[in-house]
file model-v1.txt (compact mmCIF, C-alpha atoms)
# COMPACT_ATOMS: atom_id res chain seq x y z
CA MET T 151 0.00 0.00 0.00
CA VAL T 152 2.83 2.35 0.90
CA MET T 153 4.61 1.54 -2.36
CA LYS T 154 1.41 2.19 -4.32
CA LYS T 155 0.98 5.62 -2.69
CA LEU T 156 4.64 6.40 -3.33
CA SER T 157 4.26 5.47 -7.01
CA LEU T 158 1.19 7.68 -7.35
CA PHE T 159 3.05 10.57 -5.68
CA ILE T 160 6.06 10.19 -7.98
CA GLY T 161 3.74 10.00 -10.99
CA ALA T 162 2.02 13.23 -9.96
CA ILE T 163 5.38 14.98 -9.53
CA MET T 164 6.51 13.83 -13.00
CA ALA T 165 3.25 15.04 -14.54
CA MET T 166 3.69 18.46 -12.92
CA TYR T 167 7.28 18.64 -14.19
CA SER T 168 6.22 17.80 -17.75
CA LEU T 169 3.72 20.68 -17.67
CA ILE T 170 6.33 23.13 -16.40
CA ALA T 171 9.01 21.98 -18.83
CA GLN T 172 6.91 22.44 -21.95
CA PRO T 173 7.74 25.58 -23.91
CA ALA T 174 5.00 28.08 -24.62
CA GLY T 175 3.49 28.31 -28.05
CA LEU T 176 2.15 26.03 -30.71
CA ALA T 177 5.06 23.58 -30.70
CA SER T 178 4.16 22.36 -27.21
CA ARG T 179 0.56 21.67 -28.18
CA ILE T 180 0.42 20.82 -31.86
CA GLY T 181 3.99 20.97 -33.18
CA PRO T 182 5.32 18.59 -35.84
CA LEU T 183 7.03 16.34 -33.28
CA PRO T 184 6.06 14.98 -30.89
CA ALA T 185 2.33 14.53 -31.37
CA ILE T 186 -0.13 16.35 -29.15
CA SER T 187 0.50 15.64 -25.50
CA PRO T 188 -2.59 14.84 -23.37
CA SER T 189 -1.28 17.22 -20.71
CA SER T 190 -1.14 20.19 -23.07
CA GLY T 191 -4.86 20.56 -23.72
CA PHE T 192 -7.96 18.46 -23.99
CA PHE T 193 -9.36 16.73 -27.03
CA VAL T 194 -12.87 17.22 -28.34
CA ASP T 195 -14.87 15.56 -31.09
CA TYR T 196 -15.77 18.41 -33.38
CA THR T 197 -19.02 18.55 -35.32
CA ASP T 198 -20.08 22.15 -34.67
CA GLY T 199 -19.72 24.25 -37.81
CA ARG T 200 -21.55 26.23 -40.44
CA PRO T 201 -21.70 25.71 -44.22
CA ILE T 202 -19.41 28.12 -45.99
CA MET T 203 -20.40 30.61 -48.65
CA ALA T 204 -18.67 29.90 -51.94
CA ASN T 205 -16.22 32.54 -53.10
CA SER T 206 -18.13 34.92 -55.33
CA ASP T 207 -15.33 34.88 -57.90
CA ASN T 208 -15.12 31.11 -58.25
CA GLU T 209 -14.27 31.44 -61.94
CA ALA T 210 -11.10 33.39 -61.20
CA GLU T 211 -7.85 31.90 -62.46
CA GLY T 212 -5.84 30.42 -59.62
CA SER T 213 -6.64 28.92 -56.22
CA PHE T 214 -8.06 30.54 -53.09
CA PHE T 215 -6.41 27.90 -50.90
CA TRP T 216 -3.02 27.11 -49.40
CA ASN T 217 -3.50 23.65 -50.89
CA GLU T 218 -6.31 22.79 -53.27
CA ASP T 219 -6.89 19.27 -51.90
CA TRP T 220 -8.14 18.39 -48.43
CA CYS T 221 -5.31 17.86 -45.95
CA SER T 222 -5.02 16.15 -42.58
CA GLY T 223 -4.45 18.28 -39.54
CA LYS T 224 -5.02 19.34 -35.94
CA VAL T 225 -6.65 22.49 -34.64
CA LEU T 226 -6.35 24.48 -31.41
CA LEU T 227 -9.65 26.19 -30.54
CA ASN T 228 -10.45 28.66 -27.79
CA LYS T 229 -10.31 27.40 -24.19
CA ASN T 230 -7.29 25.27 -25.21
CA ARG T 231 -9.43 22.63 -26.91
CA ILE T 232 -7.64 20.44 -29.45
CA VAL T 233 -9.35 18.79 -32.41
CA SER T 234 -7.61 16.11 -34.47
CA GLY T 235 -8.59 13.68 -37.19
CA LEU T 236 -10.11 16.32 -39.46
CA ASN T 237 -9.61 17.01 -43.13
CA LEU T 238 -8.78 20.69 -43.51
CA LYS T 239 -8.46 23.42 -46.12
CA PHE T 240 -7.01 26.87 -45.50
CA ASN T 241 -8.61 29.63 -47.56
CA ILE T 242 -5.86 32.24 -47.78
CA TYR T 243 -8.04 34.76 -49.60
CA ASN T 244 -10.65 34.75 -46.80
CA GLN T 245 -8.17 33.88 -44.02
CA GLU T 246 -10.51 31.11 -42.92
CA LEU T 247 -10.02 27.43 -42.09
CA TYR T 248 -12.55 24.82 -43.27
CA PHE T 249 -13.15 21.21 -42.29
CA ASN T 250 -14.81 18.43 -44.26
CA ARG T 251 -18.01 17.00 -42.79
CA ASN T 252 -19.81 14.43 -44.93
CA ASN T 253 -18.22 15.87 -48.09
CA THR T 254 -19.41 19.36 -47.18
CA ALA T 255 -16.98 22.20 -46.49
CA MET T 256 -17.72 23.72 -43.09
CA ALA T 257 -16.34 26.73 -41.25
CA PHE T 258 -15.56 26.38 -37.55
CA ALA T 259 -18.17 27.81 -35.20
CA ASP T 260 -15.42 28.43 -32.64
CA SER T 261 -12.46 30.70 -33.15
CA VAL T 262 -9.38 28.87 -34.42
CA LYS T 263 -6.20 30.05 -32.70
CA GLU T 264 -3.65 27.70 -34.27
CA PHE T 265 -3.61 24.75 -36.62
CA GLU T 266 -1.24 22.35 -38.31
CA ILE T 267 -1.84 20.94 -41.76
CA THR T 268 -0.18 18.17 -43.76
CA CYS T 269 -0.90 17.67 -47.46
CA GLN T 270 0.14 14.99 -49.92
CA SER T 271 0.53 15.97 -53.56
CA ASP T 272 2.34 14.10 -56.35
CA GLY T 273 4.07 11.91 -53.79
CA GLN T 274 5.39 14.93 -51.87
CA SER T 275 4.42 15.91 -48.34
CA ARG T 276 3.79 19.55 -47.49
CA TYR T 277 3.55 20.58 -43.84
CA ALA T 278 2.96 23.87 -42.04
CA TYR T 279 1.46 25.24 -38.89
CA PHE T 280 -0.30 28.56 -38.57
CA ARG T 281 -1.20 30.93 -35.74
CA ASN T 282 -3.11 34.19 -35.42
CA GLY T 283 -3.47 36.72 -32.60
CA TYR T 284 -0.44 38.84 -33.51
CA PRO T 285 -0.57 42.66 -33.45
CA ALA T 286 -1.97 44.37 -36.53
CA VAL T 287 0.68 45.31 -39.09
CA ASP T 288 0.60 46.38 -42.73
CA ARG T 289 -2.43 44.66 -44.33
CA PHE T 290 -2.90 42.17 -41.51
CA ASN T 291 -4.93 42.24 -38.29
CA THR T 292 -5.18 40.06 -35.19
CA THR T 293 -7.26 37.42 -37.01
CA SER T 294 -4.73 37.00 -39.84
CA TYR T 295 -2.82 33.72 -39.88
CA TYR T 296 0.94 33.42 -40.21
CA GLN T 297 2.97 30.30 -40.86
CA VAL T 298 5.27 29.86 -37.87
CA LEU T 299 8.79 28.94 -39.00
CA VAL T 300 10.64 29.50 -35.71
CA ASP T 301 8.77 29.47 -32.40
CA SER T 302 11.01 30.66 -29.59
CA SER T 303 11.99 33.96 -27.96
CA PHE T 304 11.91 35.30 -31.52
CA GLN T 305 9.21 34.00 -33.82
CA LEU T 306 9.95 33.91 -37.52
CA LEU T 307 6.67 34.16 -39.43
CA ARG T 308 5.62 33.94 -43.04
CA SER T 309 2.51 35.72 -44.29
CA TYR T 310 0.36 34.52 -47.17
CA ARG T 311 -1.96 36.80 -49.09
CA LYS T 312 -4.01 36.47 -52.26
CA GLU T 313 -5.41 39.39 -54.21
CA LEU T 314 -8.01 39.25 -56.94
CA VAL T 315 -6.99 41.43 -59.88
CA GLU T 316 -8.34 42.03 -63.36
CA VAL T 317 -5.98 41.35 -66.22
CA GLU T 318 -6.42 42.78 -69.69
CA GLU T 319 -5.06 40.95 -72.71
CA ILE T 320 -4.99 42.12 -76.32
CA ASN T 321 -8.07 40.98 -78.27
CA ARG T 322 -9.33 39.00 -75.29
CA PRO T 323 -11.93 39.70 -72.61
CA THR T 324 -10.73 40.88 -69.20
CA LYS T 325 -10.16 38.00 -66.80
CA LYS T 326 -9.85 37.77 -63.03
CA VAL T 327 -6.66 36.30 -61.63
CA LEU T 328 -5.61 35.44 -58.08
CA ARG T 329 -2.11 36.68 -57.35
CA ASP T 330 -0.02 35.29 -54.51
CA TYR T 331 2.04 37.38 -52.12
CA SER T 332 4.26 36.23 -49.28
CA GLU T 333 6.53 38.10 -46.88
CA TYR T 334 8.51 37.42 -43.71
CA TYR T 335 7.89 38.94 -40.30
CA VAL T 336 9.55 38.65 -36.90
CA TYR T 337 7.68 38.76 -33.62
CA THR T 338 10.21 40.00 -31.07
CA PRO T 339 10.56 39.23 -27.34
CA ALA T 340 9.24 42.76 -26.75
CA GLY T 341 5.93 41.84 -28.42
CA LYS T 342 6.51 43.82 -31.61
CA ILE T 343 5.93 42.45 -35.11
CA VAL T 344 8.26 43.67 -37.85
CA ARG T 345 8.42 42.90 -41.57
CA ILE T 346 11.88 41.82 -42.78
CA LYS T 347 13.62 41.06 -46.04
CA ALA T 348 16.04 38.18 -46.54
CA GLU T 349 19.17 40.30 -46.34
CA ALA T 350 21.39 40.70 -43.29
CA LYS T 351 21.65 44.49 -43.57
CA LYS T 352 17.89 44.90 -44.01
CA ILE T 353 17.14 42.61 -41.04
CA ALA T 354 19.52 44.56 -38.80
CA GLU T 355 17.90 47.83 -39.92
CA ALA T 356 14.41 46.47 -39.23
CA LEU T 357 15.49 45.27 -35.76
CA PRO T 358 18.00 47.93 -34.66
CA GLU T 359 17.91 46.94 -30.98
CA TYR T 360 19.18 43.49 -31.98
CA ALA T 361 21.47 44.61 -34.83
CA THR T 362 24.74 43.73 -33.06
CA LEU T 363 23.57 40.21 -32.25
CA ILE T 364 22.21 39.67 -35.78
CA ASN T 365 25.46 40.81 -37.41
CA GLN T 366 27.56 38.66 -35.08
CA VAL T 367 25.51 35.53 -35.85
CA VAL T 368 25.56 36.19 -39.60
CA GLU T 369 29.33 36.75 -39.69
CA LYS T 370 30.23 33.88 -37.37
CA ASN T 371 28.15 31.34 -39.30
CA LYS T 372 28.75 32.85 -42.76
CA LEU T 373 25.03 32.98 -43.50
CA LYS T 374 24.03 34.10 -47.00
CA LEU T 375 20.27 34.47 -46.27
CA LYS T 376 19.35 33.58 -49.83
CA GLN T 377 16.63 31.07 -48.98
CA GLU T 378 13.98 30.51 -46.33
CA GLU T 379 16.14 27.81 -44.72
CA ASP T 380 18.84 30.45 -44.13
CA LEU T 381 16.37 32.74 -42.36
CA VAL T 382 15.19 29.86 -40.21
CA ARG T 383 18.75 29.01 -39.24
CA LEU T 384 19.54 32.64 -38.43
CA PHE T 385 16.73 32.89 -35.89
CA LEU T 386 17.36 29.44 -34.48
CA LEU T 387 20.95 30.53 -33.86
CA ILE T 388 19.83 33.82 -32.32
CA CYS T 389 17.54 31.86 -29.99
CA GLY T 390 20.29 29.35 -29.21
CA LYS T 391 18.39 26.50 -30.84
CA ASP T 392 20.32 25.76 -34.01
CA MET T 393 19.25 22.32 -35.26
CA TYR T 394 21.84 22.01 -38.06

call {"tool": "encode", "arguments": {"input": "model-v1.txt", "output": "structure tokens"}}
result
Amino acid sequence: MVMKKLSLFIGAIMAMYSLIAQPAGLASRIGPLPAISPSSGFFVDYTDGRPIMANSDNEAEGSFFWNEDWCSGKVLLNKNRIVSGLNLKFNIYNQELYFNRNNTAMAFADSVKEFEITCQSDGQSRYAYFRNGYPAVDRFNTTSYYQVLVDSSFQLLRSYRKELVEVEEINRPTKKVLRDYSEYYVYTPAGKIVRIKAEAKKIAEALPEYATLINQVVEKNKLKLKQEEDLVRLFLLICGKDMY
């Protein structure tokens, strides 16, 4: 009996430690690896939704979605409720997440705070996780979703935006085309969100209070910042979490 009580006590202590040790942010709840931890939220079976209104310009050239096909994923709702096992589509144009219920596209009745999404296309896997709730900046507000590339003291974010434009061609009728735009932002430890360009000088100028650190990391690691992977590595190094 004493041993049983001791085991229960040790188990409770370990459970408390696991809660304390988890980092804040999406990675501790949804993250790519490991899978959702039971201690990080509670799971719900989700059926509450509303049928979506079709995009009025459904004949426009291009796609409204991050991925045209349905993708698997997990969702973090308000009150820290986690939903898994859904097929999802992210409408970038409307900044809205849909789920598939009986072959019908539904919008969530609850507010979606974060979600991860994995798509398979032509034998290739495409993964991302998104979060909203950041301060308004440029064309974006607190309900706009960003892809989270680095989730630590600094958060490296990627925005996605689609604009519907009319294109005129010689001897042809005007057509509507969806154009894609994407930019990088950094959410700083001070709670400020700043747009950056993939160039060391420009990043240092956009984040002057961290310019010395940025320049030191770039020079020490000979970073070229030509691709997204270079930006990711820069901020992992700044946060002391280089995975390379």

call {"tool": "residues_near_point", "arguments": {"input": "model-v1.txt", "point": "(-1.5, 17.7, -38.3)", "cutoff": "7 Å", "atoms": "only C-alpha atoms", "output": "VMD selection string"}}
result
chain T and resid 222 to 224 266 to 268

call {"tool": "residues_around", "arguments": {"input": "model-v1.txt", "residues": "T:Lys347", "least_positions_apart": "4", "cutoff": "9 Å", "atoms": "only C-alpha atoms", "output": "list in words"}}
result
Glu333, Tyr334, Tyr335, Lys352, Ile353 and Ala356 of chain T

call {"tool": "closest_residue", "arguments": {"input": "model-v1.txt", "among": "T:Trp216, T:Ile202, T:Lys372, T:Lys391", "to": "T:Arg276", "atoms": "all atoms listed in the file"}}
result
T:Trp216

call {"tool": "atom_distance", "arguments": {"input": "model-v1.txt", "atom1": "atom CA of T:Lys263", "atom2": "atom CA of T:Gln305"}}
result
15.9 Å

call {"tool": "residues_around", "arguments": {"input": "model-v1.txt", "residues": "T:Gly390", "least_positions_apart": "6", "cutoff": "10 Å", "atoms": "only C-alpha atoms", "output": "ChimeraX atom specification"}}
result
/T:302-303,384

call {"tool": "residues_around", "arguments": {"input": "model-v1.txt", "residues": "T:Phe258", "least_positions_apart": "2", "cutoff": "7 Å", "atoms": "only C-alpha atoms", "output": "PDB file with C-alpha atoms, in the frame of the given file"}}
result
ATOM      1  CA  ASP T 198     -20.080  22.150 -34.670  1.00  0.00           C
ATOM      2  CA  GLY T 199     -19.720  24.250 -37.810  1.00  0.00           C
ATOM      3  CA  ARG T 200     -21.550  26.230 -40.440  1.00  0.00           C
ATOM      4  CA  TYR T 248     -12.550  24.820 -43.270  1.00  0.00           C
ATOM      5  CA  MET T 256     -17.720  23.720 -43.090  1.00  0.00           C
ATOM      6  CA  ASP T 260     -15.420  28.430 -32.640  1.00  0.00           C
ATOM      7  CA  SER T 261     -12.460  30.700 -33.150  1.00  0.00           C
TER       8      SER T 261
END

call {"tool": "atom_distance", "arguments": {"input": "model-v1.txt", "atom1": "atom CA of T:Tyr296", "atom2": "atom CA of T:Tyr279"}}
result
8.3 Å

call {"tool": "residues_near_point", "arguments": {"input": "model-v1.txt", "point": "(5.9, 43.9, -39.6)", "cutoff": "10 Å", "atoms": "all atoms listed in the file", "output": "list of chain:residue names"}}
result
T:Pro285, T:Ala286, T:Val287, T:Asp288, T:Arg289, T:Phe290, T:Leu307, T:Glu333, T:Tyr334, T:Tyr335, T:Val336, T:Tyr337, T:Lys342, T:Ile343, T:Val344, T:Arg345, T:Ile346, T:Ala356

call {"tool": "residues_around", "arguments": {"input": "model-v1.txt", "residues": "T:Asp219", "least_positions_apart": "6", "cutoff": "10 Å", "atoms": "all atoms listed in the file", "output": "list in words"}}
result
Asn237, Leu238, Lys239, Phe240, Cys269, Gln270 and Ser271 of chain T

call {"tool": "atom_distance", "arguments": {"input": "model-v1.txt", "atom1": "atom CA of T:Gln377", "atom2": "atom CA of T:Glu313"}}
result
24.1 Å

call {"tool": "build_atoms", "arguments": {"input": "model-v1.txt", "residues": "stretch 376-387 of chain T", "atoms": "all heavy atoms", "output": "PDB file, keeping the file's coordinate frame"}}
result
ATOM      1  N   LYS T 376      19.912  33.603 -48.486  1.00  0.00           N
ATOM      2  CA  LYS T 376      19.350  33.580 -49.830  1.00  0.00           C
ATOM      3  C   LYS T 376      18.015  32.843 -49.878  1.00  0.00           C
ATOM      4  O   LYS T 376      17.180  33.102 -50.737  1.00  0.00           O
ATOM      5  CB  LYS T 376      20.323  32.910 -50.808  1.00  0.00           C
ATOM      6  CG  LYS T 376      21.662  33.626 -50.957  1.00  0.00           C
ATOM      7  CD  LYS T 376      21.496  34.955 -51.650  1.00  0.00           C
ATOM      8  CE  LYS T 376      22.860  35.613 -51.894  1.00  0.00           C
ATOM      9  NZ  LYS T 376      22.720  36.943 -52.555  1.00  0.00           N
ATOM     10  N   GLN T 377      17.825  31.899 -48.956  1.00  0.00           N
ATOM     11  CA  GLN T 377      16.630  31.070 -48.980  1.00  0.00           C
ATOM     12  C   GLN T 377      15.957  31.085 -47.614  1.00  0.00           C
ATOM     13  O   GLN T 377      16.534  31.535 -46.613  1.00  0.00           O
ATOM     14  CB  GLN T 377      16.990  29.637 -49.373  1.00  0.00           C
ATOM     15  CG  GLN T 377      17.626  29.520 -50.751  1.00  0.00           C
ATOM     16  CD  GLN T 377      18.022  28.092 -51.074  1.00  0.00           C
ATOM     17  OE1 GLN T 377      17.923  27.207 -50.236  1.00  0.00           O
ATOM     18  NE2 GLN T 377      18.471  27.876 -52.297  1.00  0.00           N
ATOM     19  N   GLU T 378      14.734  30.553 -47.583  1.00  0.00           N
ATOM     20  CA  GLU T 378      13.980  30.510 -46.330  1.00  0.00           C
ATOM     21  C   GLU T 378      14.731  29.712 -45.263  1.00  0.00           C
ATOM     22  O   GLU T 378      14.729  30.086 -44.085  1.00  0.00           O
ATOM     23  CB  GLU T 378      12.610  29.875 -46.584  1.00  0.00           C
ATOM     24  CG  GLU T 378      11.723  29.840 -45.353  1.00  0.00           C
ATOM     25  CD  GLU T 378      10.333  29.363 -45.678  1.00  0.00           C
ATOM     26  OE1 GLU T 378       9.554  30.153 -46.272  1.00  0.00           O
ATOM     27  OE2 GLU T 378      10.014  28.201 -45.358  1.00  0.00           O
ATOM     28  N   GLU T 379      15.391  28.625 -45.672  1.00  0.00           N
ATOM     29  CA  GLU T 379      16.140  27.810 -44.720  1.00  0.00           C
ATOM     30  C   GLU T 379      17.224  28.625 -44.012  1.00  0.00           C
ATOM     31  O   GLU T 379      17.526  28.385 -42.843  1.00  0.00           O
ATOM     32  CB  GLU T 379      16.776  26.610 -45.432  1.00  0.00           C
ATOM     33  CG  GLU T 379      15.790  25.561 -45.914  1.00  0.00           C
ATOM     34  CD  GLU T 379      15.107  25.925 -47.228  1.00  0.00           C
ATOM     35  OE1 GLU T 379      15.419  27.009 -47.785  1.00  0.00           O
ATOM     36  OE2 GLU T 379      14.269  25.141 -47.702  1.00  0.00           O
ATOM     37  N   ASP T 380      17.812  29.600 -44.729  1.00  0.00           N
ATOM     38  CA  ASP T 380      18.840  30.450 -44.130  1.00  0.00           C
ATOM     39  C   ASP T 380      18.240  31.366 -43.066  1.00  0.00           C
ATOM     40  O   ASP T 380      18.850  31.595 -42.016  1.00  0.00           O
ATOM     41  CB  ASP T 380      19.534  31.275 -45.205  1.00  0.00           C
ATOM     42  CG  ASP T 380      20.181  30.409 -46.277  1.00  0.00           C
ATOM     43  OD1 ASP T 380      20.725  29.344 -45.924  1.00  0.00           O
ATOM     44  OD2 ASP T 380      20.119  30.779 -47.460  1.00  0.00           O
ATOM     45  N   LEU T 381      17.055  31.899 -43.349  1.00  0.00           N
ATOM     46  CA  LEU T 381      16.370  32.740 -42.360  1.00  0.00           C
ATOM     47  C   LEU T 381      16.024  31.930 -41.116  1.00  0.00           C
ATOM     48  O   LEU T 381      16.190  32.398 -39.987  1.00  0.00           O
ATOM     49  CB  LEU T 381      15.095  33.330 -42.964  1.00  0.00           C
ATOM     50  CG  LEU T 381      15.224  34.574 -43.829  1.00  0.00           C
ATOM     51  CD1 LEU T 381      13.865  34.954 -44.400  1.00  0.00           C
ATOM     52  CD2 LEU T 381      15.811  35.738 -43.039  1.00  0.00           C
ATOM     53  N   VAL T 382      15.529  30.722 -41.340  1.00  0.00           N
ATOM     54  CA  VAL T 382      15.190  29.860 -40.210  1.00  0.00           C
ATOM     55  C   VAL T 382      16.421  29.604 -39.356  1.00  0.00           C
ATOM     56  O   VAL T 382      16.385  29.718 -38.129  1.00  0.00           O
ATOM     57  CB  VAL T 382      14.593  28.521 -40.716  1.00  0.00           C
ATOM     58  CG1 VAL T 382      14.481  27.515 -39.574  1.00  0.00           C
ATOM     59  CG2 VAL T 382      13.226  28.762 -41.354  1.00  0.00           C
ATOM     60  N   ARG T 383      17.532  29.294 -40.000  1.00  0.00           N
ATOM     61  CA  ARG T 383      18.750  29.010 -39.240  1.00  0.00           C
ATOM     62  C   ARG T 383      19.228  30.242 -38.475  1.00  0.00           C
ATOM     63  O   ARG T 383      19.678  30.136 -37.328  1.00  0.00           O
ATOM     64  CB  ARG T 383      19.864  28.503 -40.163  1.00  0.00           C
ATOM     65  CG  ARG T 383      21.035  27.992 -39.347  1.00  0.00           C
ATOM     66  CD  ARG T 383      22.158  27.444 -40.161  1.00  0.00           C
ATOM     67  NE  ARG T 383      23.184  26.919 -39.260  1.00  0.00           N
ATOM     68  CZ  ARG T 383      24.451  26.781 -39.566  1.00  0.00           C
ATOM     69  NH1 ARG T 383      24.876  27.097 -40.776  1.00  0.00           N
ATOM     70  NH2 ARG T 383      25.317  26.309 -38.695  1.00  0.00           N
ATOM     71  N   LEU T 384      19.132  31.413 -39.103  1.00  0.00           N
ATOM     72  CA  LEU T 384      19.540  32.640 -38.430  1.00  0.00           C
ATOM     73  C   LEU T 384      18.818  32.808 -37.100  1.00  0.00           C
ATOM     74  O   LEU T 384      19.442  33.050 -36.057  1.00  0.00           O
ATOM     75  CB  LEU T 384      19.271  33.853 -39.330  1.00  0.00           C
ATOM     76  CG  LEU T 384      19.404  35.229 -38.661  1.00  0.00           C
ATOM     77  CD1 LEU T 384      20.832  35.470 -38.186  1.00  0.00           C
ATOM     78  CD2 LEU T 384      18.962  36.343 -39.616  1.00  0.00           C
ATOM     79  N   PHE T 385      17.488  32.642 -37.118  1.00  0.00           N
ATOM     80  CA  PHE T 385      16.730  32.890 -35.890  1.00  0.00           C
ATOM     81  C   PHE T 385      16.818  31.734 -34.910  1.00  0.00           C
ATOM     82  O   PHE T 385      16.691  31.949 -33.698  1.00  0.00           O
ATOM     83  CB  PHE T 385      15.287  33.274 -36.236  1.00  0.00           C
ATOM     84  CG  PHE T 385      15.186  34.688 -36.731  1.00  0.00           C
ATOM     85  CD1 PHE T 385      15.188  34.960 -38.081  1.00  0.00           C
ATOM     86  CD2 PHE T 385      15.158  35.745 -35.840  1.00  0.00           C
ATOM     87  CE1 PHE T 385      15.136  36.272 -38.553  1.00  0.00           C
ATOM     88  CE2 PHE T 385      15.111  37.056 -36.292  1.00  0.00           C
ATOM     89  CZ  PHE T 385      15.101  37.328 -37.653  1.00  0.00           C
ATOM     90  N   LEU T 386      17.067  30.524 -35.404  1.00  0.00           N
ATOM     91  CA  LEU T 386      17.360  29.440 -34.480  1.00  0.00           C
ATOM     92  C   LEU T 386      18.673  29.704 -33.743  1.00  0.00           C
ATOM     93  O   LEU T 386      18.788  29.475 -32.537  1.00  0.00           O
ATOM     94  CB  LEU T 386      17.444  28.106 -35.237  1.00  0.00           C
ATOM     95  CG  LEU T 386      16.124  27.480 -35.681  1.00  0.00           C
ATOM     96  CD1 LEU T 386      16.390  26.265 -36.559  1.00  0.00           C
ATOM     97  CD2 LEU T 386      15.263  27.094 -34.492  1.00  0.00           C
ATOM     98  N   LEU T 387      19.668  30.200 -34.475  1.00  0.00           N
ATOM     99  CA  LEU T 387      20.950  30.530 -33.860  1.00  0.00           C
ATOM    100  C   LEU T 387      20.802  31.673 -32.863  1.00  0.00           C
ATOM    101  O   LEU T 387      21.378  31.636 -31.763  1.00  0.00           O
ATOM    102  CB  LEU T 387      21.969  30.894 -34.936  1.00  0.00           C
ATOM    103  CG  LEU T 387      22.540  29.727 -35.747  1.00  0.00           C
ATOM    104  CD1 LEU T 387      23.191  30.232 -37.032  1.00  0.00           C
ATOM    105  CD2 LEU T 387      23.549  28.941 -34.912  1.00  0.00           C
TER     106      LEU T 387
END
